[in-house]
$ cat start_0.txt   # compact mmCIF, N, CA and C atoms
# COMPACT_ATOMS: atom_id res chain seq x y z
N MET K 1 0.85 -1.18 0.00
CA MET K 1 0.00 0.00 0.00
C MET K 1 0.89 1.23 0.00
N ARG K 2 0.36 2.26 -0.58
CA ARG K 2 1.05 3.54 -0.60
C ARG K 2 0.18 4.56 0.11
N ALA K 3 0.84 5.51 0.76
CA ALA K 3 0.10 6.57 1.44
C ALA K 3 0.89 7.87 1.36
N VAL K 4 0.16 8.96 1.23
CA VAL K 4 0.71 10.30 1.37
C VAL K 4 0.03 10.88 2.60
N ILE K 5 0.85 11.30 3.56
CA ILE K 5 0.35 11.80 4.83
C ILE K 5 0.66 13.29 4.90
N GLN K 6 -0.36 14.09 5.17
CA GLN K 6 -0.15 15.53 5.30
C GLN K 6 -0.63 15.98 6.68
N ARG K 7 0.22 16.72 7.36
CA ARG K 7 -0.18 17.32 8.64
C ARG K 7 -1.04 18.52 8.30
N VAL K 8 -2.25 18.56 8.86
CA VAL K 8 -3.20 19.61 8.49
C VAL K 8 -3.75 20.32 9.72
N SER K 9 -4.10 21.57 9.53
CA SER K 9 -4.85 22.32 10.54
C SER K 9 -6.33 22.02 10.41
N GLU K 10 -6.75 21.69 9.17
CA GLU K 10 -8.12 21.28 8.89
C GLU K 10 -8.17 20.65 7.51
N ALA K 11 -9.16 19.80 7.31
CA ALA K 11 -9.34 19.17 6.00
C ALA K 11 -10.78 18.70 5.89
N SER K 12 -11.27 18.65 4.65
CA SER K 12 -12.62 18.16 4.40
C SER K 12 -12.69 17.53 3.01
N VAL K 13 -13.71 16.69 2.84
CA VAL K 13 -13.94 16.07 1.55
C VAL K 13 -15.43 16.23 1.20
N THR K 14 -15.66 16.61 -0.05
CA THR K 14 -17.01 16.87 -0.53
C THR K 14 -17.32 15.96 -1.71
N VAL K 15 -18.52 15.40 -1.72
CA VAL K 15 -19.03 14.62 -2.85
C VAL K 15 -20.40 15.18 -3.20
N ASP K 16 -20.61 15.48 -4.46
CA ASP K 16 -21.89 16.06 -4.92
C ASP K 16 -22.29 17.27 -4.08
N GLN K 17 -21.35 18.13 -3.83
CA GLN K 17 -21.53 19.39 -3.11
C GLN K 17 -21.96 19.21 -1.65
N GLN K 18 -21.75 18.01 -1.10
CA GLN K 18 -22.05 17.74 0.30
C GLN K 18 -20.76 17.33 1.01
N ILE K 19 -20.45 17.96 2.13
CA ILE K 19 -19.29 17.56 2.91
C ILE K 19 -19.63 16.21 3.55
N ILE K 20 -18.79 15.21 3.26
CA ILE K 20 -19.03 13.88 3.82
C ILE K 20 -18.03 13.51 4.90
N GLY K 21 -16.97 14.29 5.04
CA GLY K 21 -15.98 14.06 6.08
C GLY K 21 -15.18 15.31 6.30
N GLN K 22 -14.89 15.61 7.56
CA GLN K 22 -14.04 16.76 7.84
C GLN K 22 -13.40 16.58 9.21
N ILE K 23 -12.22 17.20 9.34
CA ILE K 23 -11.48 17.16 10.59
C ILE K 23 -10.88 18.53 10.86
N GLN K 24 -10.48 18.72 12.09
CA GLN K 24 -9.67 19.88 12.46
C GLN K 24 -8.22 19.40 12.46
N ALA K 25 -7.42 19.76 13.42
CA ALA K 25 -6.01 19.40 13.44
C ALA K 25 -5.82 17.90 13.40
N GLY K 26 -4.90 17.47 12.56
CA GLY K 26 -4.62 16.05 12.43
C GLY K 26 -3.91 15.72 11.15
N LEU K 27 -4.33 14.61 10.54
CA LEU K 27 -3.69 14.11 9.33
C LEU K 27 -4.69 13.89 8.21
N LEU K 28 -4.29 14.27 7.02
CA LEU K 28 -4.99 13.86 5.81
C LEU K 28 -4.16 12.73 5.22
N VAL K 29 -4.77 11.56 5.05
CA VAL K 29 -4.06 10.41 4.52
C VAL K 29 -4.70 9.99 3.21
N LEU K 30 -3.93 10.11 2.13
CA LEU K 30 -4.34 9.62 0.82
C LEU K 30 -3.75 8.22 0.71
N VAL K 31 -4.58 7.22 0.44
CA VAL K 31 -4.10 5.84 0.48
C VAL K 31 -4.50 5.09 -0.79
N CYS K 32 -3.60 4.21 -1.24
CA CYS K 32 -3.82 3.41 -2.44
C CYS K 32 -3.39 1.97 -2.19
N ALA K 33 -4.29 1.05 -2.42
CA ALA K 33 -3.95 -0.37 -2.36
C ALA K 33 -3.36 -0.77 -3.71
N MET K 34 -2.23 -1.47 -3.63
CA MET K 34 -1.54 -1.91 -4.83
C MET K 34 -1.90 -3.37 -5.12
N ARG K 35 -1.77 -3.77 -6.37
CA ARG K 35 -2.03 -5.16 -6.77
C ARG K 35 -1.19 -6.09 -5.89
N GLY K 36 -1.83 -7.08 -5.30
CA GLY K 36 -1.14 -8.04 -4.46
C GLY K 36 -1.08 -7.67 -2.98
N ASP K 37 -1.52 -6.47 -2.62
CA ASP K 37 -1.52 -6.07 -1.21
C ASP K 37 -2.56 -6.87 -0.44
N ASP K 38 -2.32 -6.99 0.86
CA ASP K 38 -3.27 -7.65 1.74
C ASP K 38 -3.31 -6.90 3.06
N LYS K 39 -3.98 -7.47 4.06
CA LYS K 39 -4.15 -6.80 5.34
C LYS K 39 -2.83 -6.54 6.05
N ASP K 40 -1.81 -7.35 5.79
CA ASP K 40 -0.51 -7.12 6.42
C ASP K 40 0.06 -5.75 6.03
N GLN K 41 -0.06 -5.39 4.75
CA GLN K 41 0.43 -4.08 4.31
C GLN K 41 -0.37 -2.95 4.96
N ALA K 42 -1.68 -3.14 5.04
CA ALA K 42 -2.52 -2.12 5.69
C ALA K 42 -2.15 -1.99 7.16
N ASP K 43 -1.98 -3.11 7.85
CA ASP K 43 -1.62 -3.09 9.27
C ASP K 43 -0.30 -2.36 9.49
N TYR K 44 0.68 -2.61 8.62
CA TYR K 44 1.98 -1.95 8.73
C TYR K 44 1.82 -0.43 8.66
N LEU K 45 1.07 0.05 7.64
CA LEU K 45 0.90 1.49 7.49
C LEU K 45 0.10 2.08 8.64
N VAL K 46 -0.92 1.38 9.10
CA VAL K 46 -1.73 1.88 10.22
C VAL K 46 -0.84 2.11 11.43
N LYS K 47 -0.02 1.13 11.77
CA LYS K 47 0.84 1.25 12.95
C LYS K 47 1.83 2.41 12.79
N LYS K 48 2.41 2.55 11.61
CA LYS K 48 3.36 3.63 11.37
C LYS K 48 2.68 5.00 11.46
N ILE K 49 1.54 5.13 10.80
CA ILE K 49 0.86 6.42 10.74
C ILE K 49 0.32 6.82 12.11
N ALA K 50 -0.26 5.88 12.85
CA ALA K 50 -0.82 6.20 14.16
C ALA K 50 0.26 6.70 15.12
N LYS K 51 1.49 6.25 14.94
CA LYS K 51 2.58 6.62 15.85
C LYS K 51 3.54 7.65 15.25
N LEU K 52 3.28 8.08 14.03
CA LEU K 52 4.17 9.01 13.33
C LEU K 52 4.26 10.33 14.09
N ARG K 53 5.47 10.67 14.50
CA ARG K 53 5.68 11.88 15.32
C ARG K 53 6.04 13.06 14.43
N ILE K 54 5.00 13.74 13.96
CA ILE K 54 5.23 14.88 13.06
C ILE K 54 4.54 16.15 13.56
N PHE K 55 4.03 16.11 14.79
CA PHE K 55 3.43 17.30 15.39
C PHE K 55 4.41 17.88 16.42
N GLN K 56 4.42 19.18 16.50
CA GLN K 56 5.39 19.86 17.37
C GLN K 56 5.08 19.68 18.84
N ASP K 57 6.16 19.51 19.61
CA ASP K 57 6.03 19.49 21.07
C ASP K 57 6.22 20.91 21.58
N GLU K 58 6.32 21.07 22.90
CA GLU K 58 6.44 22.40 23.50
C GLU K 58 7.72 23.12 23.13
N THR K 59 8.73 22.38 22.62
CA THR K 59 9.99 23.02 22.21
C THR K 59 10.03 23.29 20.71
N GLY K 60 8.95 22.93 20.00
CA GLY K 60 8.90 23.18 18.57
C GLY K 60 9.44 22.04 17.72
N LYS K 61 9.81 20.92 18.34
CA LYS K 61 10.33 19.78 17.59
C LYS K 61 9.19 18.84 17.22
N MET K 62 9.31 18.22 16.05
CA MET K 62 8.31 17.23 15.64
C MET K 62 8.53 15.98 16.50
N ASN K 63 7.72 15.86 17.54
CA ASN K 63 7.92 14.81 18.51
C ASN K 63 6.61 14.22 19.04
N ARG K 64 5.47 14.63 18.45
CA ARG K 64 4.18 14.17 18.93
C ARG K 64 3.39 13.52 17.79
N SER K 65 2.61 12.51 18.13
CA SER K 65 1.78 11.81 17.15
C SER K 65 0.38 12.43 17.11
N VAL K 66 -0.41 11.99 16.16
CA VAL K 66 -1.80 12.46 16.06
C VAL K 66 -2.56 12.09 17.32
N HIS K 67 -2.25 10.95 17.89
CA HIS K 67 -2.88 10.53 19.14
C HIS K 67 -2.49 11.47 20.28
N ASP K 68 -1.21 11.85 20.33
CA ASP K 68 -0.71 12.73 21.39
C ASP K 68 -1.39 14.09 21.38
N ILE K 69 -1.77 14.58 20.21
CA ILE K 69 -2.39 15.91 20.13
C ILE K 69 -3.92 15.83 20.15
N ALA K 70 -4.46 14.62 20.33
CA ALA K 70 -5.92 14.40 20.29
C ALA K 70 -6.47 14.86 18.95
N GLY K 71 -5.73 14.55 17.88
CA GLY K 71 -6.14 14.94 16.53
C GLY K 71 -6.98 13.86 15.87
N SER K 72 -7.36 14.12 14.64
CA SER K 72 -8.18 13.22 13.84
C SER K 72 -7.48 12.93 12.53
N VAL K 73 -8.01 11.96 11.80
CA VAL K 73 -7.46 11.60 10.50
C VAL K 73 -8.59 11.57 9.48
N LEU K 74 -8.35 12.18 8.33
CA LEU K 74 -9.26 12.08 7.19
C LEU K 74 -8.59 11.15 6.19
N VAL K 75 -9.23 10.00 5.92
CA VAL K 75 -8.67 8.99 5.03
C VAL K 75 -9.40 9.06 3.69
N ILE K 76 -8.63 9.23 2.61
CA ILE K 76 -9.15 9.35 1.26
C ILE K 76 -8.52 8.28 0.38
N SER K 77 -9.33 7.53 -0.35
CA SER K 77 -8.78 6.57 -1.31
C SER K 77 -8.29 7.33 -2.53
N GLN K 78 -7.09 6.98 -3.01
CA GLN K 78 -6.55 7.68 -4.17
C GLN K 78 -5.71 6.72 -5.00
N PHE K 79 -6.38 6.07 -5.96
CA PHE K 79 -5.69 5.07 -6.78
C PHE K 79 -4.59 5.68 -7.63
N THR K 80 -4.61 6.99 -7.84
CA THR K 80 -3.59 7.60 -8.68
C THR K 80 -2.20 7.56 -8.04
N LEU K 81 -2.11 7.17 -6.77
CA LEU K 81 -0.79 6.98 -6.16
C LEU K 81 -0.07 5.80 -6.79
N ALA K 82 -0.79 4.98 -7.55
CA ALA K 82 -0.19 3.85 -8.25
C ALA K 82 0.31 4.23 -9.64
N ALA K 83 0.28 5.50 -9.96
CA ALA K 83 0.63 5.96 -11.31
C ALA K 83 2.01 5.47 -11.75
N GLU K 84 2.06 4.94 -12.95
CA GLU K 84 3.32 4.56 -13.60
C GLU K 84 3.59 5.63 -14.65
N THR K 85 4.70 6.31 -14.51
CA THR K 85 4.98 7.45 -15.39
C THR K 85 6.28 7.30 -16.18
N HIS K 86 6.89 6.13 -16.12
CA HIS K 86 8.20 5.97 -16.76
C HIS K 86 8.12 5.90 -18.28
N ARG K 87 6.97 5.55 -18.84
CA ARG K 87 6.83 5.49 -20.30
C ARG K 87 5.77 6.47 -20.75
N GLY K 88 6.07 7.23 -21.73
CA GLY K 88 5.10 8.15 -22.31
C GLY K 88 4.70 9.26 -21.38
N ASN K 89 3.59 9.93 -21.74
CA ASN K 89 3.14 11.09 -20.98
C ASN K 89 1.80 10.87 -20.28
N ARG K 90 1.19 9.72 -20.54
CA ARG K 90 -0.07 9.42 -19.87
C ARG K 90 0.19 8.33 -18.83
N PRO K 91 -0.10 8.60 -17.55
CA PRO K 91 0.19 7.59 -16.53
C PRO K 91 -0.66 6.34 -16.70
N GLY K 92 -0.08 5.21 -16.32
CA GLY K 92 -0.81 3.96 -16.29
C GLY K 92 -1.07 3.58 -14.84
N PHE K 93 -2.10 2.78 -14.61
CA PHE K 93 -2.48 2.44 -13.25
C PHE K 93 -2.65 0.94 -13.06
N SER K 94 -1.96 0.16 -13.86
CA SER K 94 -2.12 -1.30 -13.80
C SER K 94 -1.58 -1.91 -12.50
N THR K 95 -0.79 -1.16 -11.75
CA THR K 95 -0.26 -1.69 -10.50
C THR K 95 -1.20 -1.46 -9.31
N ALA K 96 -2.28 -0.71 -9.54
CA ALA K 96 -3.27 -0.51 -8.48
C ALA K 96 -4.08 -1.79 -8.31
N ALA K 97 -4.54 -2.03 -7.10
CA ALA K 97 -5.39 -3.19 -6.84
C ALA K 97 -6.69 -3.04 -7.62
N PRO K 98 -7.29 -4.15 -8.05
CA PRO K 98 -8.61 -4.08 -8.68
C PRO K 98 -9.59 -3.39 -7.73
N PRO K 99 -10.61 -2.72 -8.27
CA PRO K 99 -11.50 -1.91 -7.43
C PRO K 99 -12.08 -2.63 -6.20
N ALA K 100 -12.57 -3.84 -6.33
CA ALA K 100 -13.17 -4.53 -5.18
C ALA K 100 -12.12 -4.77 -4.09
N GLU K 101 -10.93 -5.17 -4.48
CA GLU K 101 -9.85 -5.40 -3.51
C GLU K 101 -9.39 -4.08 -2.90
N GLY K 102 -9.28 -3.07 -3.74
CA GLY K 102 -8.86 -1.75 -3.26
C GLY K 102 -9.84 -1.18 -2.25
N GLU K 103 -11.11 -1.33 -2.52
CA GLU K 103 -12.12 -0.81 -1.60
C GLU K 103 -12.09 -1.57 -0.27
N ALA K 104 -11.94 -2.87 -0.34
CA ALA K 104 -11.89 -3.68 0.88
C ALA K 104 -10.68 -3.28 1.74
N LEU K 105 -9.53 -3.07 1.12
CA LEU K 105 -8.34 -2.69 1.87
C LEU K 105 -8.43 -1.25 2.39
N TYR K 106 -9.03 -0.38 1.62
CA TYR K 106 -9.25 1.00 2.06
C TYR K 106 -10.14 1.01 3.31
N THR K 107 -11.22 0.25 3.28
CA THR K 107 -12.13 0.18 4.41
C THR K 107 -11.43 -0.43 5.62
N TYR K 108 -10.70 -1.50 5.38
CA TYR K 108 -9.95 -2.16 6.46
C TYR K 108 -8.94 -1.19 7.08
N PHE K 109 -8.20 -0.49 6.24
CA PHE K 109 -7.20 0.48 6.70
C PHE K 109 -7.85 1.52 7.61
N ALA K 110 -8.94 2.13 7.16
CA ALA K 110 -9.62 3.17 7.96
C ALA K 110 -10.17 2.58 9.26
N ASP K 111 -10.74 1.39 9.19
CA ASP K 111 -11.27 0.73 10.40
C ASP K 111 -10.15 0.46 11.41
N GLN K 112 -9.02 -0.03 10.92
CA GLN K 112 -7.89 -0.35 11.81
C GLN K 112 -7.30 0.91 12.42
N LEU K 113 -7.27 1.98 11.66
CA LEU K 113 -6.77 3.25 12.20
C LEU K 113 -7.70 3.73 13.32
N ALA K 114 -8.99 3.62 13.11
CA ALA K 114 -9.96 4.00 14.14
C ALA K 114 -9.80 3.11 15.38
N ALA K 115 -9.48 1.84 15.17
CA ALA K 115 -9.28 0.91 16.28
C ALA K 115 -8.07 1.30 17.13
N GLN K 116 -7.19 2.13 16.60
CA GLN K 116 -6.03 2.63 17.36
C GLN K 116 -6.43 3.77 18.29
N GLY K 117 -7.71 4.14 18.28
CA GLY K 117 -8.19 5.21 19.15
C GLY K 117 -8.12 6.59 18.54
N VAL K 118 -7.93 6.64 17.23
CA VAL K 118 -7.86 7.92 16.53
C VAL K 118 -9.18 8.15 15.80
N PRO K 119 -9.85 9.30 16.03
CA PRO K 119 -11.06 9.58 15.27
C PRO K 119 -10.76 9.64 13.78
N VAL K 120 -11.57 8.94 12.98
CA VAL K 120 -11.34 8.84 11.55
C VAL K 120 -12.58 9.30 10.78
N ALA K 121 -12.36 10.23 9.85
CA ALA K 121 -13.38 10.61 8.87
C ALA K 121 -12.92 10.02 7.54
N ARG K 122 -13.86 9.83 6.61
CA ARG K 122 -13.52 9.15 5.37
C ARG K 122 -14.11 9.84 4.15
N GLY K 123 -13.44 9.56 3.04
CA GLY K 123 -14.00 9.92 1.76
C GLY K 123 -14.90 8.80 1.29
N SER K 124 -15.25 8.80 0.01
CA SER K 124 -16.11 7.79 -0.56
C SER K 124 -15.33 7.09 -1.69
N PHE K 125 -15.05 5.81 -1.51
CA PHE K 125 -14.23 5.07 -2.47
C PHE K 125 -14.83 5.17 -3.87
N GLY K 126 -14.00 5.55 -4.82
CA GLY K 126 -14.41 5.60 -6.23
C GLY K 126 -15.22 6.82 -6.62
N ALA K 127 -15.55 7.67 -5.67
CA ALA K 127 -16.36 8.85 -5.98
C ALA K 127 -15.48 9.97 -6.51
N ASP K 128 -16.11 10.92 -7.19
CA ASP K 128 -15.43 12.15 -7.60
C ASP K 128 -15.45 13.07 -6.38
N MET K 129 -14.32 13.16 -5.71
CA MET K 129 -14.24 13.91 -4.45
C MET K 129 -13.48 15.21 -4.64
N LYS K 130 -13.88 16.18 -3.89
CA LYS K 130 -13.16 17.45 -3.79
C LYS K 130 -12.60 17.52 -2.38
N VAL K 131 -11.28 17.59 -2.29
CA VAL K 131 -10.60 17.58 -1.00
C VAL K 131 -10.02 18.96 -0.74
N ARG K 132 -10.34 19.51 0.42
CA ARG K 132 -9.78 20.79 0.85
C ARG K 132 -8.92 20.53 2.06
N LEU K 133 -7.78 21.23 2.12
CA LEU K 133 -6.92 21.07 3.28
C LEU K 133 -6.12 22.33 3.51
N LEU K 134 -5.76 22.50 4.74
CA LEU K 134 -4.82 23.54 5.12
C LEU K 134 -3.61 22.80 5.68
N ASN K 135 -2.59 22.62 4.82
CA ASN K 135 -1.40 21.88 5.21
C ASN K 135 -0.65 22.70 6.23
N ASP K 136 -0.31 22.07 7.34
CA ASP K 136 0.37 22.74 8.44
C ASP K 136 1.86 22.45 8.36
N GLY K 137 2.63 23.46 8.03
CA GLY K 137 4.08 23.29 7.97
C GLY K 137 4.72 23.96 6.77
N PRO K 138 4.58 23.45 5.59
CA PRO K 138 3.88 22.23 5.21
C PRO K 138 4.67 20.97 5.60
N VAL K 139 3.94 19.95 5.98
CA VAL K 139 4.52 18.64 6.26
C VAL K 139 3.79 17.62 5.42
N THR K 140 4.50 16.97 4.53
CA THR K 140 3.95 15.93 3.66
C THR K 140 4.94 14.78 3.60
N ILE K 141 4.45 13.57 3.89
CA ILE K 141 5.31 12.40 3.94
C ILE K 141 4.71 11.30 3.09
N TRP K 142 5.54 10.61 2.31
CA TRP K 142 5.13 9.51 1.46
C TRP K 142 5.60 8.22 2.10
N MET K 143 4.70 7.21 2.13
CA MET K 143 5.07 5.90 2.67
C MET K 143 4.63 4.81 1.71
N ASP K 144 5.40 3.73 1.70
CA ASP K 144 5.06 2.56 0.92
C ASP K 144 5.30 1.34 1.82
N SER K 145 4.32 0.47 1.93
CA SER K 145 4.43 -0.68 2.83
C SER K 145 5.50 -1.67 2.39
N THR K 146 5.98 -1.56 1.16
CA THR K 146 7.03 -2.47 0.70
C THR K 146 8.40 -2.04 1.19
N GLU K 147 8.52 -0.84 1.70
CA GLU K 147 9.80 -0.30 2.16
C GLU K 147 9.97 -0.49 3.65
N ARG K 148 10.01 -1.74 4.08
CA ARG K 148 10.17 -2.04 5.52
C ARG K 148 11.59 -2.42 5.79
$ encode --input "start_0.txt" --output "structure tokens"
Amino acid sequence: MRAVIQRVSEASVTVDQQIIGQIQAGLLVLVCAMRGDDKDQADYLVKKIAKLRIFQDETGKMNRSVHDIAGSVLVISQFTLAAETHRGNRPGFSTAAPPAEGEALYTYFADQLAAQGVPVARGSFGADMKVRLLNDGPVTIWMDSTER
């Protein structure tokens, strides 16, 4: 699985002009299940993200997790993280998990993150979503479950 994690002051996701998920301070996580991924990859990312120390402590150092700041996470499915761009000018997405598998892993990922005690808001898998965020820092981190 791949994820892009952004530290945010606020974030929201809209589908058909309706806000379906929003958070205040916390993390916006864009996540993509790759072909061949399973729950082990999701579990790895959940554990890393829940404990990721990218929020400032009282001395200004990135030393606190989303849990430490009582923050929330907005999880958005984004298959375009599987983009293959090495040939031509149009990205290919054949390395992304098939939709049914991708949706199952996306749901599992968000559920497992919530099970860590972190409030989780979600986008809508496969929907045309509009995501708004106020990146705090900016802090943006890319993770891949294959890089352990």
$ select_by_dssp --input "start_0.txt" --residues "chain K" --states "alpha helix (DSSP H)" --output "JSON list (two decimals) with N, CA and C atoms, keeping the file's coordinate frame"
[["chain", "number", "residue", "atom", "x", "y", "z"],
["K", 39, "LYS", "N", -3.98, -7.47, 4.06],
["K", 39, "LYS", "CA", -4.15, -6.80, 5.34],
["K", 39, "LYS", "C", -2.83, -6.54, 6.05],
["K", 40, "ASP", "N", -1.81, -7.35, 5.79],
["K", 40, "ASP", "CA", -0.51, -7.12, 6.42],
["K", 40, "ASP", "C", 0.06, -5.75, 6.03],
["K", 41, "GLN", "N", -0.06, -5.39, 4.75],
["K", 41, "GLN", "CA", 0.43, -4.08, 4.31],
["K", 41, "GLN", "C", -0.37, -2.95, 4.96],
["K", 42, "ALA", "N", -1.68, -3.14, 5.04],
["K", 42, "ALA", "CA", -2.52, -2.12, 5.69],
["K", 42, "ALA", "C", -2.15, -1.99, 7.16],
["K", 43, "ASP", "N", -1.98, -3.11, 7.85],
["K", 43, "ASP", "CA", -1.62, -3.09, 9.27],
["K", 43, "ASP", "C", -0.30, -2.36, 9.49],
["K", 44, "TYR", "N", 0.68, -2.61, 8.62],
["K", 44, "TYR", "CA", 1.98, -1.95, 8.73],
["K", 44, "TYR", "C", 1.82, -0.43, 8.66],
["K", 45, "LEU", "N", 1.07, 0.05, 7.64],
["K", 45, "LEU", "CA", 0.90, 1.49, 7.49],
["K", 45, "LEU", "C", 0.10, 2.08, 8.64],
["K", 46, "VAL", "N", -0.92, 1.38, 9.10],
["K", 46, "VAL", "CA", -1.73, 1.88, 10.22],
["K", 46, "VAL", "C", -0.84, 2.11, 11.43],
["K", 47, "LYS", "N", -0.02, 1.13, 11.77],
["K", 47, "LYS", "CA", 0.84, 1.25, 12.95],
["K", 47, "LYS", "C", 1.83, 2.41, 12.79],
["K", 48, "LYS", "N", 2.41, 2.55, 11.61],
["K", 48, "LYS", "CA", 3.36, 3.63, 11.37],
["K", 48, "LYS", "C", 2.68, 5.00, 11.46],
["K", 49, "ILE", "N", 1.54, 5.13, 10.80],
["K", 49, "ILE", "CA", 0.86, 6.42, 10.74],
["K", 49, "ILE", "C", 0.32, 6.82, 12.11],
["K", 50, "ALA", "N", -0.26, 5.88, 12.85],
["K", 50, "ALA", "CA", -0.82, 6.20, 14.16],
["K", 50, "ALA", "C", 0.26, 6.70, 15.12],
["K", 51, "LYS", "N", 1.49, 6.25, 14.94],
["K", 51, "LYS", "CA", 2.58, 6.62, 15.85],
["K", 51, "LYS", "C", 3.54, 7.65, 15.25],
["K", 99, "PRO", "N", -10.61, -2.72, -8.27],
["K", 99, "PRO", "CA", -11.50, -1.91, -7.43],
["K", 99, "PRO", "C", -12.08, -2.63, -6.20],
["K", 100, "ALA", "N", -12.57, -3.84, -6.33],
["K", 100, "ALA", "CA", -13.17, -4.53, -5.18],
["K", 100, "ALA", "C", -12.12, -4.77, -4.09],
["K", 101, "GLU", "N", -10.93, -5.17, -4.48],
["K", 101, "GLU", "CA", -9.85, -5.40, -3.51],
["K", 101, "GLU", "C", -9.39, -4.08, -2.90],
["K", 102, "GLY", "N", -9.28, -3.07, -3.74],
["K", 102, "GLY", "CA", -8.86, -1.75, -3.26],
["K", 102, "GLY", "C", -9.84, -1.18, -2.25],
["K", 103, "GLU", "N", -11.11, -1.33, -2.52],
["K", 103, "GLU", "CA", -12.12, -0.81, -1.60],
["K", 103, "GLU", "C", -12.09, -1.57, -0.27],
["K", 104, "ALA", "N", -11.94, -2.87, -0.34],
["K", 104, "ALA", "CA", -11.89, -3.68, 0.88],
["K", 104, "ALA", "C", -10.68, -3.28, 1.74],
["K", 105, "LEU", "N", -9.53, -3.07, 1.12],
["K", 105, "LEU", "CA", -8.34, -2.69, 1.87],
["K", 105, "LEU", "C", -8.43, -1.25, 2.39],
["K", 106, "TYR", "N", -9.03, -0.38, 1.62],
["K", 106, "TYR", "CA", -9.25, 1.00, 2.06],
["K", 106, "TYR", "C", -10.14, 1.01, 3.31],
["K", 107, "THR", "N", -11.22, 0.25, 3.28],
["K", 107, "THR", "CA", -12.13, 0.18, 4.41],
["K", 107, "THR", "C", -11.43, -0.43, 5.62],
["K", 108, "TYR", "N", -10.70, -1.50, 5.38],
["K", 108, "TYR", "CA", -9.95, -2.16, 6.46],
["K", 108, "TYR", "C", -8.94, -1.19, 7.08],
["K", 109, "PHE", "N", -8.20, -0.49, 6.24],
["K", 109, "PHE", "CA", -7.20, 0.48, 6.70],
["K", 109, "PHE", "C", -7.85, 1.52, 7.61],
["K", 110, "ALA", "N", -8.94, 2.13, 7.16],
["K", 110, "ALA", "CA", -9.62, 3.17, 7.96],
["K", 110, "ALA", "C", -10.17, 2.58, 9.26],
["K", 111, "ASP", "N", -10.74, 1.39, 9.19],
["K", 111, "ASP", "CA", -11.27, 0.73, 10.40],
["K", 111, "ASP", "C", -10.15, 0.46, 11.41],
["K", 112, "GLN", "N", -9.02, -0.03, 10.92],
["K", 112, "GLN", "CA", -7.89, -0.35, 11.81],
["K", 112, "GLN", "C", -7.30, 0.91, 12.42],
["K", 113, "LEU", "N", -7.27, 1.98, 11.66],
["K", 113, "LEU", "CA", -6.77, 3.25, 12.20],
["K", 113, "LEU", "C", -7.70, 3.73, 13.32],
["K", 114, "ALA", "N", -8.99, 3.62, 13.11],
["K", 114, "ALA", "CA", -9.96, 4.00, 14.14],
["K", 114, "ALA", "C", -9.80, 3.11, 15.38],
["K", 115, "ALA", "N", -9.48, 1.84, 15.17],
["K", 115, "ALA", "CA", -9.28, 0.91, 16.28],
["K", 115, "ALA", "C", -8.07, 1.30, 17.13]]
$ closest_residue --input "start_0.txt" --among "K:Ala82, K:Val73, K:Val15, K:Val8" --to "K:Met129" --atoms "all atoms listed in the file"
K:Val15
$ closest_residue --input "start_0.txt" --among "K:Leu52, K:Leu27, K:Ala3, K:Val13" --to "K:Arg122" --atoms "only N, CA and C atoms"
K:Val13
$ closest_residue --input "start_0.txt" --among "K:Asp37, K:Ala96, K:Val29, K:Ser65" --to "K:Arg53" --atoms "all atoms listed in the file"
K:Ser65
$ atom_distance --input "start_0.txt" --atom1 "atom CA of K:Leu133" --atom2 "atom CA of K:Ser12"
6.5 Å
$ axis_aligned_box --input "start_0.txt" --around "stretch 92-102 of chain K" --padding-each-side "5 Å" --output "lines of an AutoDock Vina configuration file"
center_x = -6.6
center_y = -0.1
center_z = -9.3
size_x = 23.1
size_y = 20.6
size_z = 24.1
$ residues_around --input "start_0.txt" --residues "K:Ile69" --least-positions-apart "6" --cutoff "8 Å" --atoms "all atoms listed in the file" --output "PyMOL selection string"
chain K and resi 25-26+55
$ select_by_dssp --input "start_0.txt" --residues "stretch 17-112 of chain K" --states "strand (DSSP E)" --output "list in words"
Gln18, Ile19, Ile20, Gly21, Gln22, Ile23, Gly26, Leu27, Leu28, Val29, Leu30, Val31, Cys32, Phe55, Gln56, Met62, Asn63, Arg64, Ser72, Val73, Leu74, Val75, Ile76 and Ser77 of chain K
$ residues_around --input "start_0.txt" --residues "K:Lys47" --least-positions-apart "5" --cutoff "8 Å" --atoms "all atoms listed in the file" --output "list in words"
Gln41, Ala42, Leu52, Gln112 and Leu113 of chain K
$ residues_around --input "start_0.txt" --residues "K:Gly126" --least-positions-apart "6" --cutoff "12 Å" --atoms "only C-alpha atoms" --output "list in words"
Val15, Cys32, Ile76, Ser77, Gln78, Phe79, Thr80, Pro98, Pro99, Ala100, Gly102, Glu103, Ala104 and Tyr106 of chain K
$ atom_distance --input "start_0.txt" --atom1 "atom N of K:Val139" --atom2 "atom CA of K:Gln56"
11.5 Å
$ atom_distance --input "start_0.txt" --atom1 "atom N of K:Asp144" --atom2 "atom CA of K:Lys51"
14.7 Å
$ closest_residue --input "start_0.txt" --among "K:Ala11, K:Ala70, K:Ala115, K:Val75" --to "K:Asn135" --atoms "only C-alpha atoms"
K:Ala11
$ closest_residue --input "start_0.txt" --among "K:Val31, K:Val66, K:Leu45, K:Ile23" --to "K:Gly117" --atoms "all atoms listed in the file"
K:Val66
$ residues_around --input "start_0.txt" --residues "K:Asp40" --least-positions-apart "6" --cutoff "8 Å" --atoms "all atoms listed in the file" --output "ChimeraX atom specification"
/K:1,46,145
